[in-house]
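Shown next: query.cif, containing mmCIF, C-alpha atoms.
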```cif
data_query
loop_
_atom_site.label_atom_id
_atom_site.label_comp_id
_atom_site.auth_asym_id
_atom_site.auth_seq_id
_atom_site.Cartn_x
_atom_site.Cartn_y
_atom_site.Cartn_z
CA MET F 279 8.03 12.43 48.75
CA PHE F 280 10.76 14.91 49.65
CA VAL F 281 12.11 14.90 53.20
CA ILE F 282 14.05 17.97 54.30
CA PRO F 283 15.64 18.44 57.74
CA CYS F 284 15.77 22.14 58.57
CA LYS F 285 17.69 24.05 61.24
CA PHE F 286 16.31 27.46 60.38
CA ASN F 287 18.54 30.53 60.45
CA GLU F 288 16.92 33.80 59.45
CA LYS F 289 20.27 35.05 58.14
CA ASN F 290 20.37 32.16 55.66
CA PRO F 291 16.74 31.12 55.07
CA ILE F 292 17.76 28.63 52.40
CA ILE F 293 14.76 26.38 53.03
CA PHE F 294 12.57 28.67 50.94
CA ALA F 295 14.79 28.34 47.85
CA CYS F 296 14.91 24.57 48.40
CA VAL F 297 11.12 24.25 48.54
CA GLU F 298 10.63 26.66 45.63
CA ALA F 299 12.88 24.55 43.41
CA ILE F 300 11.05 21.36 44.35
CA ARG F 301 7.71 22.95 43.58
CA LYS F 302 9.08 24.16 40.22
CA TYR F 303 10.47 20.81 39.07
CA HIS F 304 8.27 18.37 41.06
CA PRO F 305 4.98 20.26 41.42
CA GLY F 306 2.89 17.30 42.53
CA GLU F 307 5.32 15.76 45.02
CA LYS F 308 4.75 15.74 48.79
CA ILE F 309 7.23 17.80 50.80
CA PHE F 310 7.92 17.12 54.48
CA VAL F 311 10.05 19.61 56.41
CA ILE F 312 11.37 18.06 59.62
CA ASP F 313 12.43 20.82 61.97
CA SER F 314 15.79 20.37 63.68
CA ASN F 315 14.94 22.08 66.97
CA SER F 316 15.12 25.58 65.45
CA THR F 317 15.10 28.47 67.90
CA ASP F 318 12.16 30.01 66.06
CA ILE F 319 9.77 27.88 64.01
CA GLY F 320 7.79 30.85 62.77
CA TYR F 321 9.24 30.19 59.32
CA ARG F 322 6.65 27.44 58.96
CA ASN F 323 4.08 30.15 58.28
CA ASP F 324 6.07 31.36 55.27
CA LEU F 325 6.43 27.96 53.65
CA ASP F 326 4.28 26.93 50.71
CA SER F 327 0.87 25.98 52.11
CA SER F 328 1.16 22.48 50.66
CA VAL F 329 4.29 21.68 52.69
CA PHE F 330 3.90 19.30 55.64
CA PHE F 331 5.78 20.82 58.57
CA VAL F 332 6.81 18.51 61.41
CA ASP F 333 7.80 20.19 64.67
CA ALA F 334 9.95 17.21 65.58
CA LYS F 335 12.45 19.10 67.73
CA ASN F 336 14.97 16.77 66.14
CA ILE F 337 18.45 17.09 67.65
CA ASN F 338 19.97 14.04 65.95
CA TYR F 339 20.62 15.45 62.48
CA GLN F 340 19.73 14.19 59.03
CA LEU F 341 19.40 10.45 59.46
CA GLU F 342 16.94 10.80 62.34
CA ALA F 343 14.87 13.27 60.30
CA TYR F 344 14.63 10.73 57.49
CA HIS F 345 13.65 8.07 60.03
CA ILE F 346 10.90 10.29 61.46
CA ALA F 347 9.46 10.84 58.00
CA PHE F 348 9.65 7.14 57.15
CA LYS F 349 7.87 6.09 60.35
CA ASP F 350 4.99 8.42 59.55
CA ASN F 351 4.91 7.50 55.84
CA SER F 352 5.95 3.86 55.78
CA LYS F 353 3.77 3.09 52.73
CA GLU F 354 5.34 5.80 50.58
CA ASP F 355 6.92 4.39 47.42
CA PHE F 356 9.96 6.63 47.19
CA PHE F 357 11.89 9.10 49.37
CA TYR F 358 13.96 12.08 48.22
CA CYS F 359 16.03 12.79 51.34
CA ILE F 360 17.98 16.03 51.00
CA HIS F 361 19.40 18.95 52.96
CA ASP F 362 17.56 22.27 53.00
CA SER F 363 20.68 23.66 51.32
CA LEU F 364 20.42 21.37 48.30
CA ILE F 365 18.75 23.19 45.43
CA LEU F 366 17.28 21.26 42.51
CA GLN F 367 18.30 22.47 39.06
CA ARG F 368 15.81 20.33 37.15
CA ASN F 369 13.43 17.41 37.51
CA ILE F 370 15.25 14.36 38.87
CA SER F 371 12.42 11.81 38.87
CA PHE F 372 14.67 9.48 36.84
CA VAL F 373 16.27 8.48 40.16
CA GLU F 374 13.15 6.41 40.87
CA LYS F 375 14.33 3.93 38.24
CA SER F 376 16.91 2.74 40.78
CA ASP F 377 16.39 1.65 44.37
CA LEU F 378 19.17 3.98 45.46
CA THR F 379 20.88 7.10 44.17
CA THR F 380 23.18 9.29 46.25
CA VAL F 381 24.34 12.88 45.72
CA ARG F 382 28.07 12.14 46.11
CA TRP F 383 30.25 9.45 47.60
CA TRP F 384 33.86 8.93 48.55
CA SER F 385 36.21 6.11 49.46
CA SER F 386 38.09 5.56 52.69
CA PRO F 387 41.00 5.44 52.43
CA PRO F 388 42.02 8.10 51.45
CA VAL F 389 39.20 10.14 53.09
CA ASN F 390 39.35 9.22 56.78
CA MET F 391 36.73 9.55 59.51
CA GLY F 392 38.32 12.59 61.13
CA TRP F 393 38.25 14.08 64.62
CA ASP F 394 36.05 16.44 66.58
CA GLU F 395 37.18 19.75 68.13
CA SER F 396 38.50 18.00 71.25
CA GLY F 397 40.64 15.66 69.17
CA ARG F 398 38.39 12.62 69.67
CA ASP F 399 38.86 10.07 66.89
CA LEU F 400 35.39 9.68 65.36
CA SER F 401 36.23 6.22 64.06
CA ILE F 402 36.24 4.98 67.66
CA TRP F 403 32.73 6.36 68.26
CA ALA F 404 31.51 4.99 64.93
CA ASN F 405 32.93 1.55 65.59
CA GLU F 406 31.33 1.39 69.06
CA GLU F 407 27.96 2.45 67.67
CA MET F 408 28.15 -0.05 64.82
CA GLU F 409 29.05 -2.94 67.11
CA LYS F 410 26.26 -1.99 69.50
CA HIS F 411 23.46 -1.41 66.99
CA LEU F 412 24.51 -3.29 63.84
CA GLY F 413 26.44 -6.22 65.24
CA TYR F 414 29.58 -5.68 63.18
CA SER F 415 32.64 -3.45 63.15
CA MET F 416 33.74 -0.70 60.82
CA PRO F 417 35.68 -2.17 57.87
CA LEU F 418 39.16 -0.98 56.93
CA GLU F 419 37.87 0.15 53.53
CA TYR F 420 34.44 1.59 52.80
CA LYS F 421 32.48 4.20 50.88
CA GLY F 422 30.67 7.07 52.59
CA ILE F 423 27.82 9.16 51.21
CA PHE F 424 27.78 12.94 51.26
CA GLY F 425 25.46 14.42 53.86
CA SER F 426 23.65 11.09 54.33
CA MET F 427 21.51 12.35 51.43
CA LEU F 428 19.82 9.67 49.38
CA PHE F 429 17.05 9.08 46.89
CA ALA F 430 15.67 5.73 47.90
CA SER F 431 12.83 3.31 47.40
CA ASN F 432 10.63 2.03 50.19
CA LYS F 433 12.59 -1.22 50.02
CA VAL F 434 15.81 0.59 50.88
CA PHE F 435 14.17 2.23 53.88
CA GLN F 436 12.69 -1.06 55.03
CA ASP F 437 16.15 -2.61 54.82
CA LEU F 438 17.76 0.29 56.67
CA SER F 439 15.14 0.05 59.39
CA LYS F 440 15.76 -3.68 59.84
CA SER F 441 19.53 -3.13 59.90
CA GLY F 442 19.40 -1.08 63.11
CA VAL F 443 21.18 1.95 61.66
CA PHE F 444 18.35 4.28 62.70
CA ASN F 445 19.30 3.55 66.31
CA ILE F 446 22.60 5.34 65.78
CA LEU F 447 21.92 8.92 66.86
CA ALA F 448 24.39 11.68 66.11
CA ARG F 449 24.64 14.18 68.96
CA ASP F 450 26.68 16.84 67.18
CA LYS F 451 27.91 17.88 63.74
CA TYR F 452 31.02 15.74 64.02
CA GLU F 453 29.11 12.57 64.83
CA SER F 454 26.75 13.44 61.99
CA CYS F 455 29.75 13.38 59.64
CA ALA F 456 30.65 9.95 61.03
CA VAL F 457 27.09 8.79 60.31
CA GLU F 458 27.64 9.67 56.64
CA ARG F 459 30.30 6.94 56.64
CA ILE F 460 28.18 4.49 58.60
CA VAL F 461 25.20 4.88 56.25
CA GLY F 462 27.46 4.21 53.27
CA ILE F 463 28.82 1.07 54.94
CA VAL F 464 25.35 -0.22 55.82
CA LEU F 465 23.96 0.40 52.34
CA SER F 466 26.93 -1.35 50.75
CA ASN F 467 26.53 -4.31 53.12
CA LEU F 468 22.86 -4.49 52.13
CA GLY F 469 23.91 -4.83 48.50
CA TYR F 470 23.18 -1.31 47.25
CA ASP F 471 25.54 0.65 45.02
CA VAL F 472 26.30 3.98 46.72
CA THR F 473 28.38 5.06 43.71
CA ASN F 474 25.19 5.47 41.67
CA SER F 475 25.11 9.23 42.21
CA LEU F 476 24.25 12.62 40.76
CA GLN F 477 27.65 14.24 41.22
CA GLY F 478 30.06 11.32 41.32
CA GLU F 479 32.98 10.83 43.67
CA GLY F 480 34.18 13.58 45.96
CA GLY F 481 34.90 14.09 49.65
CA ASP F 482 36.15 17.68 49.39
CA LEU F 483 33.47 20.25 50.23
CA PHE F 484 35.08 22.96 48.17
CA SER F 485 35.83 21.16 44.94
CA VAL F 486 33.76 21.92 41.85
CA TYR F 487 31.04 19.34 41.16
CA ASP F 488 28.59 18.77 38.36
CA GLU F 489 25.53 20.93 39.10
CA THR F 490 23.41 19.68 36.22
CA PHE F 491 20.85 18.24 38.62
CA VAL F 492 21.50 19.77 42.07
CA GLN F 493 23.44 22.58 43.65
CA LYS F 494 24.73 22.38 47.23
CA ILE F 495 24.96 25.63 49.17
CA HIS F 496 27.48 25.29 51.97
CA LEU F 497 26.50 26.97 55.24
CA GLU F 498 28.34 27.20 58.53
CA ARG F 499 25.98 25.47 60.94
CA LEU F 500 26.45 23.38 64.07
#
```

Let me see the file written as structure tokens.
Amino acid sequence: MFVIPCKFNEKNPIIFACVEAIRKYHPGEKIFVIDSNSTDIGYRNDLDSSVFFVDAKNINYQLEAYHIAFKDNSKEDFFYCIHDSLILQRNISFVEKSDLTTVRWWSSPPVNMGWDESGRDLSIWANEEMEKHLGYSMPLEYKGIFGSMLFASNKVFQDLSKSGVFNILARDKYESCAVERIVGIVLSNLGYDVTNSLQGEGGDLFSVYDETFVQKIHLERL
């Protein structure tokens, strides 16, 4: 099943292109759209009638949306967890041959955690959250995964649930970026290879990546 968090913006209604591509290349697959507390959820009426729309009023970004979908579909075999701005270019069902596939990944160093607008070091927040909910600290070296997007088996989601990572709730876009690092750390600690990806290594949003399988449309959203 596909799980798509959506913060709808009528100026960039990218969710429709996302769903259309899924229906084109994966016509029989379930699609769950988890609304991210959009100002207007009227867009649900314009989605394909087969789409499951969840008015979750989710304010904790991608990882919490994936958690919501998993809780309601805990027997599902496989989860395609993507952004509404990720557009499929072809069928990618081959990812089900592996427990985990990511879209992109990067190493830290050199890509650091970063800071929010106030200058707060996000590594401090991430480390506190990890110690509180996971029981261990942020390592000096790790691999993050782009957008917390993942194509994962039920086993992966069961392991993530047991790890405690779903208790880490991003409250803004900056903390959501930190969660991308945390998810990569947790998956690696669980023994999964986050470098098994569709587009390879890359932490730069504006570099050119292989779009054979997916295309990412970058939008300015909070």

Item to complete: For Ser376 in chain F, work out the shell of residues within 12 Å, counting all atoms listed in the file and skipping chain neighbours fewer than 2 positions away, then give it as a list of chain:residue names.
Response: F:Phe356, F:Phe357, F:Ile370, F:Ser371, F:Phe372, F:Val373, F:Glu374, F:Leu378, F:Thr379, F:Thr380, F:Leu428, F:Phe429, F:Ala430, F:Ser431, F:Asn432, F:Lys433, F:Val434, F:Tyr470, F:Asp471, F:Val472, F:Asn474, F:Ser475

Store the residues picked out above, limited to C-alpha atoms, as a PDB file, in the coordinates of the input.
```pdb
ATOM      1  CA  PHE F 356       9.960   6.630  47.190  1.00  0.00           C
ATOM      2  CA  PHE F 357      11.890   9.100  49.370  1.00  0.00           C
ATOM      3  CA  ILE F 370      15.250  14.360  38.870  1.00  0.00           C
ATOM      4  CA  SER F 371      12.420  11.810  38.870  1.00  0.00           C
ATOM      5  CA  PHE F 372      14.670   9.480  36.840  1.00  0.00           C
ATOM      6  CA  VAL F 373      16.270   8.480  40.160  1.00  0.00           C
ATOM      7  CA  GLU F 374      13.150   6.410  40.870  1.00  0.00           C
ATOM      8  CA  LEU F 378      19.170   3.980  45.460  1.00  0.00           C
ATOM      9  CA  THR F 379      20.880   7.100  44.170  1.00  0.00           C
ATOM     10  CA  THR F 380      23.180   9.290  46.250  1.00  0.00           C
ATOM     11  CA  LEU F 428      19.820   9.670  49.380  1.00  0.00           C
ATOM     12  CA  PHE F 429      17.050   9.080  46.890  1.00  0.00           C
ATOM     13  CA  ALA F 430      15.670   5.730  47.900  1.00  0.00           C
ATOM     14  CA  SER F 431      12.830   3.310  47.400  1.00  0.00           C
ATOM     15  CA  ASN F 432      10.630   2.030  50.190  1.00  0.00           C
ATOM     16  CA  LYS F 433      12.590  -1.220  50.020  1.00  0.00           C
ATOM     17  CA  VAL F 434      15.810   0.590  50.880  1.00  0.00           C
ATOM     18  CA  TYR F 470      23.180  -1.310  47.250  1.00  0.00           C
ATOM     19  CA  ASP F 471      25.540   0.650  45.020  1.00  0.00           C
ATOM     20  CA  VAL F 472      26.300   3.980  46.720  1.00  0.00           C
ATOM     21  CA  ASN F 474      25.190   5.470  41.670  1.00  0.00           C
ATOM     22  CA  SER F 475      25.110   9.230  42.210  1.00  0.00           C
TER      23      SER F 475
END
```

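Nearest to Ile495 in chain F of all the residues F:His361, F:Phe310, F:Asp333, F:Lys285 is F:His361, counting all atoms listed in the file.
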
If you count only C-alpha atoms, the residue of F:Ser396, F:Ser466, F:Asn445, F:Gln477 closest to Glu489 in chain F turns out to be F:Gln477

* Please write as a ChimeraX atom specification the full residue list that the PyMOL selection byres ((chain F and resi 403) around 12) yields on this file. => /F:391-394,398-402,404-410,415-416,446-449,452-457,459-460

(message) Quick one: residues within 9 Å of Asn336 in chain F, all atoms listed in the file, excluding same-chain residues fewer than 6 positions away - as a ChimeraX atom specification?
(response) /F:283,312-316,342-343,346

Nearest candidate to Asp482 in chain F (options F:Ser363, F:Val464, F:Leu341, F:Phe424; using only C-alpha atoms):
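Using only C-alpha atoms, Asp482 in chain F sits closest to F:Phe424.
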
To box range 341-353 of chain F, take all atoms listed in the file, fit an axis-aligned box, add 8 Å on each side, and give centre and edge lengths in Å to one decimal, as lines of an AutoDock Vina configuration file.
```
center_x = 11.6
center_y = 8.2
center_z = 57.5
size_x = 31.6
size_y = 26.2
size_z = 25.6
```

A straight line from CA of Ile423 in chain F to CA of Gly462 in chain F spans 5.4 Å

Between CA of Asn338 in chain F and CA of His304 in chain F - distance in Å to one decimal:
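According to the coordinates, CA of His304 in chain F and CA of Asn338 in chain F are separated by 27.8 Å.
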
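CA of Phe331 in chain F lies 22.7 Å from CA of Asn369 in chain F.
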
For this session: Compare F:Thr490, F:Thr317, F:Asn323, F:Gln367 by their minimum atom-to-atom distance to Glu298 in chain F, counting only C-alpha atoms, and give me the closest one.
Result: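 Of F:Thr490, F:Thr317, F:Asn323, F:Gln367, the one nearest Glu298 in chain F, counting only C-alpha atoms, is F:Gln367.
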
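Shortest separation to Tyr321 in chain F among F:Ile365, F:Leu418, F:Val461, F:Cys284 occurs at residue F:Cys284, atoms counted being all atoms listed in the file.
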
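Within 12 Å of the file-frame point (-0.7, 25.6, 49.8), and using all atoms listed in the file, the polymer residues found are Val297, Arg301, Pro305, Gly306, Lys308, Ile309, Arg322, Asn323, Asp324, Leu325, Asp326, Ser327, Ser328, Val329, Phe330 and Phe331 of chain F.
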
- [ ] May I ask which of the residues F:Gly425, F:Gly413, F:Gly442, F:Gly320 is the closest one to Trp384 in chain F, counting all atoms listed in the file?
- [x]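 Using all atoms listed in the file, the shortest distance to Trp384 in chain F belongs to F:Gly425.
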